[in-house]
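Scroll down for the structure; my scribbles are underneath it.
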Amino acid sequence: MPPSISRIVQALEPSATLAMAAKAKELKATGKTVYDFSVGEPDFTTPEHICQAAVSAMQAGHTHYTVASGIPELRTAIAKQYLATHGLQYAAQQVVVSNGAKHSLHNVFTALCNPGDEVIIPAPYWVSYAELVKLTGAVPVIVPTDETNNFKLTPTQLRAAITSKSTILLICSPSNPTGTMYSPEELGELADVVLERNLTVVSDEIYERLIYGNHRFASFATVRPSMQDRTIVVNGASKAYAMTGWRIGWTLSPTNVATAMADLQSQETSNPSSISQYAALAAIQGPQECVSRMLAEFANRREFVRQRIAEIKGLSCPDMAGAFYAFINIKAQLGRTYGGTRVDNSTQWCLALLEQQNVATVMGSAFGAEGYARISFATSLETLKAGFDRIEAFLKSSQP
Ligand code: PMP
Ligand code: GLU
């Protein structure tokens with residue numbers, strides 16, 4: 001008999017974003033051209049000066065364990081960046097560098113949650129939040145938000161979700177999967193409820209550098225004077241610097257939380273890769289034109305995606321203020337037959353689209369919102385053009 005798996009891991013859902021990306025790769029391996037809008041990762045290569053810094057780090061012998069919470073130079077550089085961009089004062093000891101922001105989130109929940117604690121997560125939410133919370137024995141409390149309010153949690157909805165067991169509110173802005181973003185004022189109103197009810201905020205700010213047009217970003221820690229003491233900021237190198245494979249994420253938090261996470265990490269994974277840390281240091285300290293260049297390219301693709309969605313009858317999506325996702329409403333497309341297959345939910349829709357048109361997207365149900373599908377536009381305009389033509393053909397092929 002094979003060993004049995006723990007109850008807590010048995011209850012874990014695998015990441016749907018990574019599962020759809022794997023399906024797309026499988027299909028590609030059979031020789032098919034696949035229009036892959038599944039995974040959210042910049043398609044650009046990591047900028048050259050960052051790669052060079054990694055080479056130099058190896059040559060200089062930075063190939064050993066580092067302090068578990070990260071090299072002091074990187075932690076200082078991250079703290080300085082938050083001071084320069086948001087006016088927030090953090091000591092280097094309040095910064096913990098981990099193996100990607102996903103790992104940072106795991107550290108945060110493990111450090112803060114006791115079994116039975118409730119973590120409030122507005123839906124649609126990024127696939128990993130609820131699972132990472134469940135791993136700690138805490139309970140994700142999913143609060144659906146409204147498309148007519150751009151999928152943003154209102155103070156009234158937050159108040160209604162709070163119980164005596166609530167400990168954390170999770171906010172992701174700009175949002176994966178919807179691309180919408182809270183204004184500083186909207187965050188301030190949520191912060192008032194947080195302060196009144198003594199909650200902690202976990203603020204996932206990983207798309208902070210990918211914001212379009214005149215939308216204004218505020219770090220949650222800045223929106224009320226005392227919020228910094230109640231906020232754990234999560235951020236990382238993956239999205240802004242096209243560094244997904246390097247696995248570097250970080251948190252900025254009150255000292256006791258940072259110390260707890262550093263201790264946890266020292267037993268869990270030790271330090272994130274020494275070489276990646278030096279690369280991330282070069283990313284933060286080096287020229288930032290690479291970020292603006294990639295943002296300009298994302299902005300072109302966003303405009304294309306926005307126009308195509310507006311043109312295609314029966315599709316809509318909220319305004320994308322940031323990140324690189326369109327969260328399309330497919331409610332009118334369900335209950336129809338595509339190539340002889342009846343499609344009743346977002347999983348069936350995404351699978352039929354992949355099978356019939358080789359277009360990979362992610363089902364809304366994985367983000368806690370049935371009736372939607374997520375399109376990542378972190379891919380070339382050429383792929384987007386061909387993929388959208390196929391989505392249009394797929395919709396046209398459907399029968400009532
Ligand atoms: N938060 C959000 C909202 C994300 O979209 C991602 C992307 N996977 C992450 C965290 C984690 O990023 P990474 O682990 O690559 O730093
Ligand atoms: N954040 C990306 C996504 O949502 C990367 C995949 C993942 O880690 O979930 O597609």
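Labels used: A, B, ... for chains in the order of the structure tokens, numbers from 1 for residues in each chain, and numbers from 1 for ligands as shown.
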
Expected answer as a PyMOL selection string: strand (DSSP E or B) residues in segment 103-258 of chain A: chain A and resi 118-123+139-144+166-172+200-204+211+231-236+249-252

Env. residues ligand 2 / 6 Å / only C-alpha atoms and all ligand atoms / as a list in words: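 The residues near ligand 2 are Thr17, Leu18, Val39, Gly40 and Glu41 of chain A.
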
Residues of segment 61-302 of chain A in alpha helix (DSSP H), written as number ranges by chain: A: 72-86, 101-112, 128-135, 155-161, 184-196, 255-268, 274-285, 289-302

Given only C-alpha atoms as the counted atoms, nearest of A:Ile284, A:Val34, A:Cys51, A:Leu83 to Gln356 of chain A: A:Val34

Atom CA of Asn214 of chain A to atom CA of Pro184 of chain A, distance in Å rounded to a single decimal: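 For atom CA of Asn214 of chain A relative to atom CA of Pro184 of chain A, the distance reads 13.0 Å.
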
Residues within 10 Å of segment 189-195 of chain A, only C-alpha atoms, excluding chain neighbours under 3 positions, as an MDAnalysis selection string: chainID A and resid 153:159 162 167:169 171 184:186 198:201 220:224 226:227 230:231

8 Å shell around ligand 1 using only C-alpha atoms and all ligand atoms, listed as a PyMOL selection string: chain A and resi 40-41+99-105+126+172+175-177+204-207+234-239+243-245+247-249

Generate a file of the selected residues that holds C-alpha atoms, formatted as a PDB file, in the first residue's frame.
```pdb
ATOM      1  CA  GLY A  40       0.237  35.210 -15.847  1.00  0.00           C
ATOM      2  CA  GLU A  41       3.921  35.679 -16.464  1.00  0.00           C
ATOM      3  CA  ASN A  99      11.312  32.219  -2.754  1.00  0.00           C
ATOM      4  CA  GLY A 100       8.714  34.223  -4.656  1.00  0.00           C
ATOM      5  CA  ALA A 101       5.684  36.171  -3.433  1.00  0.00           C
ATOM      6  CA  LYS A 102       3.711  32.921  -3.256  1.00  0.00           C
ATOM      7  CA  HIS A 103       6.170  31.719  -0.629  1.00  0.00           C
ATOM      8  CA  SER A 104       5.979  35.105   1.125  1.00  0.00           C
ATOM      9  CA  LEU A 105       2.197  34.668   1.358  1.00  0.00           C
ATOM     10  CA  TRP A 126      -6.021  34.767  -7.083  1.00  0.00           C
ATOM     11  CA  CYS A 172      -4.877  42.367  -4.040  1.00  0.00           C
ATOM     12  CA  SER A 175      -6.053  42.580  -8.942  1.00  0.00           C
ATOM     13  CA  ASN A 176      -5.258  39.207 -10.335  1.00  0.00           C
ATOM     14  CA  PRO A 177      -7.603  38.064 -11.929  1.00  0.00           C
ATOM     15  CA  ASP A 204      -0.579  41.884  -2.242  1.00  0.00           C
ATOM     16  CA  GLU A 205       1.035  44.685  -4.242  1.00  0.00           C
ATOM     17  CA  ILE A 206       2.876  42.548  -6.778  1.00  0.00           C
ATOM     18  CA  TYR A 207       1.310  44.407  -9.747  1.00  0.00           C
ATOM     19  CA  VAL A 234       3.676  41.455  -0.194  1.00  0.00           C
ATOM     20  CA  ASN A 235       5.619  42.224  -3.355  1.00  0.00           C
ATOM     21  CA  GLY A 236       8.302  40.691  -5.544  1.00  0.00           C
ATOM     22  CA  ALA A 237      10.502  40.717  -8.617  1.00  0.00           C
ATOM     23  CA  SER A 238       8.484  38.323 -10.817  1.00  0.00           C
ATOM     24  CA  LYS A 239       6.093  40.684 -12.570  1.00  0.00           C
ATOM     25  CA  MET A 243      11.834  37.421 -13.184  1.00  0.00           C
ATOM     26  CA  THR A 244       9.288  34.670 -12.535  1.00  0.00           C
ATOM     27  CA  GLY A 245      11.847  31.873 -12.700  1.00  0.00           C
ATOM     28  CA  ARG A 247      11.845  33.064  -7.399  1.00  0.00           C
ATOM     29  CA  ILE A 248      12.264  36.251  -5.408  1.00  0.00           C
ATOM     30  CA  GLY A 249       9.424  37.809  -3.426  1.00  0.00           C
TER      31      GLY A 249
END
```

Long-range neighbours of Ser270 of chain A as a PyMOL selection string, 8 Å cut-off, only C-alpha atoms, 6 positions minimum in chain: chain A and resi 65+67-69

Just-selected residues, all heavy atoms written as a short mmCIF file (atom, residue, chain, number, x, y, z; two decimals), in the first residue's frame:
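Contents of the output file result_19.cif:
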```
data_model
loop_
_atom_site.label_atom_id
_atom_site.label_comp_id
_atom_site.auth_asym_id
_atom_site.auth_seq_id
_atom_site.Cartn_x
_atom_site.Cartn_y
_atom_site.Cartn_z
N TYR A 65 25.05 29.74 1.31
CA TYR A 65 23.88 30.19 2.10
C TYR A 65 24.01 31.67 2.41
O TYR A 65 25.13 32.17 2.58
CB TYR A 65 23.84 29.48 3.45
CG TYR A 65 23.61 27.99 3.42
CD1 TYR A 65 24.42 27.16 4.20
CD2 TYR A 65 22.58 27.43 2.68
CE1 TYR A 65 24.21 25.78 4.23
CE2 TYR A 65 22.38 26.05 2.70
CZ TYR A 65 23.19 25.23 3.48
OH TYR A 65 22.99 23.89 3.52
N VAL A 67 21.98 34.88 4.92
CA VAL A 67 21.06 35.02 6.06
C VAL A 67 19.70 34.53 5.57
O VAL A 67 19.31 34.83 4.44
CB VAL A 67 20.97 36.51 6.48
CG1 VAL A 67 19.99 36.70 7.62
CG2 VAL A 67 22.34 37.05 6.83
N ALA A 68 18.96 33.80 6.39
CA ALA A 68 17.70 33.19 5.94
C ALA A 68 16.75 34.23 5.35
O ALA A 68 16.09 33.98 4.33
CB ALA A 68 17.03 32.44 7.08
N SER A 69 16.67 35.41 5.95
CA SER A 69 15.69 36.39 5.47
C SER A 69 16.21 37.26 4.34
O SER A 69 15.51 38.18 3.91
CB SER A 69 15.23 37.27 6.64
OG SER A 69 16.36 37.68 7.35
#
```

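You will find atom CA of Trp349 of chain A at 21.9 Å from atom CA of Thr30 of chain A.
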
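What separates atom CA of Thr148 of chain A from atom CA of Ser376 of chain A is a distance of 21.5 Å.
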
Residue contacts of Ile312 of chain A (12 Å, only C-alpha atoms) excluding same-chain residues fewer than 2 positions away, as a VMD selection string: chain A and resid 305 to 310 314 to 317 328 to 330 333 388 to 396

Residue contacts of Gly364 of chain A (12 Å, only C-alpha atoms) excluding same-chain residues fewer than 4 positions away, as a PyMOL selection string: chain A and resi 16-17+38+123-127+176-178+326-331+345-350+368-375

Export of prior selection with C-alpha atoms as a PDB file, in the first residue's frame:
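Saved the output as again_27.pdb:
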```
ATOM      1  CA  ALA A  16      -5.566  25.995 -11.626  1.00  0.00           C
ATOM      2  CA  THR A  17      -3.398  28.585 -13.359  1.00  0.00           C
ATOM      3  CA  SER A  38      -3.386  30.876 -19.247  1.00  0.00           C
ATOM      4  CA  ALA A 123     -13.728  37.166  -4.767  1.00  0.00           C
ATOM      5  CA  PRO A 124     -12.674  36.988  -7.568  1.00  0.00           C
ATOM      6  CA  TYR A 125      -9.353  36.155  -5.908  1.00  0.00           C
ATOM      7  CA  TRP A 126      -6.021  34.767  -7.083  1.00  0.00           C
ATOM      8  CA  VAL A 127      -6.113  30.959  -6.980  1.00  0.00           C
ATOM      9  CA  ASN A 176      -5.258  39.207 -10.335  1.00  0.00           C
ATOM     10  CA  PRO A 177      -7.603  38.064 -11.929  1.00  0.00           C
ATOM     11  CA  THR A 178      -9.700  41.168 -12.736  1.00  0.00           C
ATOM     12  CA  ALA A 326      -8.868  40.541 -18.662  1.00  0.00           C
ATOM     13  CA  PHE A 327     -11.611  38.827 -16.668  1.00  0.00           C
ATOM     14  CA  ILE A 328     -14.290  38.244 -19.263  1.00  0.00           C
ATOM     15  CA  ASN A 329     -17.931  37.733 -18.490  1.00  0.00           C
ATOM     16  CA  ILE A 330     -19.047  34.577 -20.363  1.00  0.00           C
ATOM     17  CA  LYS A 331     -22.443  34.152 -18.681  1.00  0.00           C
ATOM     18  CA  ASN A 345     -19.884  26.327 -16.649  1.00  0.00           C
ATOM     19  CA  SER A 346     -16.580  28.155 -16.957  1.00  0.00           C
ATOM     20  CA  THR A 347     -14.467  24.996 -16.654  1.00  0.00           C
ATOM     21  CA  GLN A 348     -16.318  23.345 -19.522  1.00  0.00           C
ATOM     22  CA  TRP A 349     -16.104  26.549 -21.557  1.00  0.00           C
ATOM     23  CA  CYS A 350     -12.326  26.903 -21.079  1.00  0.00           C
ATOM     24  CA  GLY A 368     -14.140  32.012  -6.971  1.00  0.00           C
ATOM     25  CA  ALA A 369     -16.310  33.538  -9.738  1.00  0.00           C
ATOM     26  CA  GLU A 370     -18.366  31.213 -11.941  1.00  0.00           C
ATOM     27  CA  GLY A 371     -19.442  32.651 -15.303  1.00  0.00           C
ATOM     28  CA  TYR A 372     -16.095  34.247 -16.131  1.00  0.00           C
ATOM     29  CA  ALA A 373     -12.781  33.306 -17.767  1.00  0.00           C
ATOM     30  CA  ARG A 374      -9.389  34.916 -17.322  1.00  0.00           C
ATOM     31  CA  ILE A 375      -7.228  35.911 -20.253  1.00  0.00           C
TER      32      ILE A 375
END
```

Contacts of Gly387 of chain A within 9 Å, only C-alpha atoms, excl. fewer than 5 positions in-chain, as a PyMOL selection string: chain A and resi 34-37+357-360+382+392

Best match for closeness to Lys385 of chain A among A:Asp319, A:Asp344, A:Glu303, A:Asp229, counting only C-alpha atoms: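 Going through A:Asp319, A:Asp344, A:Glu303, A:Asp229 one by one, the smallest distance to Lys385 of chain A is for A:Glu303.
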
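Of the residues under consideration (A:Gln399, A:Ser166, A:Asn300, A:Gln89), A:Asn300 shows the shortest atom-to-atom contact distance to Tyr212 of chain A when counting only C-alpha atoms.
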
Selected residue, from A:Leu381, A:Leu135, A:Leu252, A:Ala296, that lies nearest to Leu12 of chain A when counting only C-alpha atoms: A:Leu135

Residue among A:Gly179, A:His62, A:Pro144, A:Ala258 lying closest to Gln93 of chain A, counting only C-alpha atoms: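 Residue with the minimum atom-to-atom distance to Gln93 of chain A: A:Ala258.
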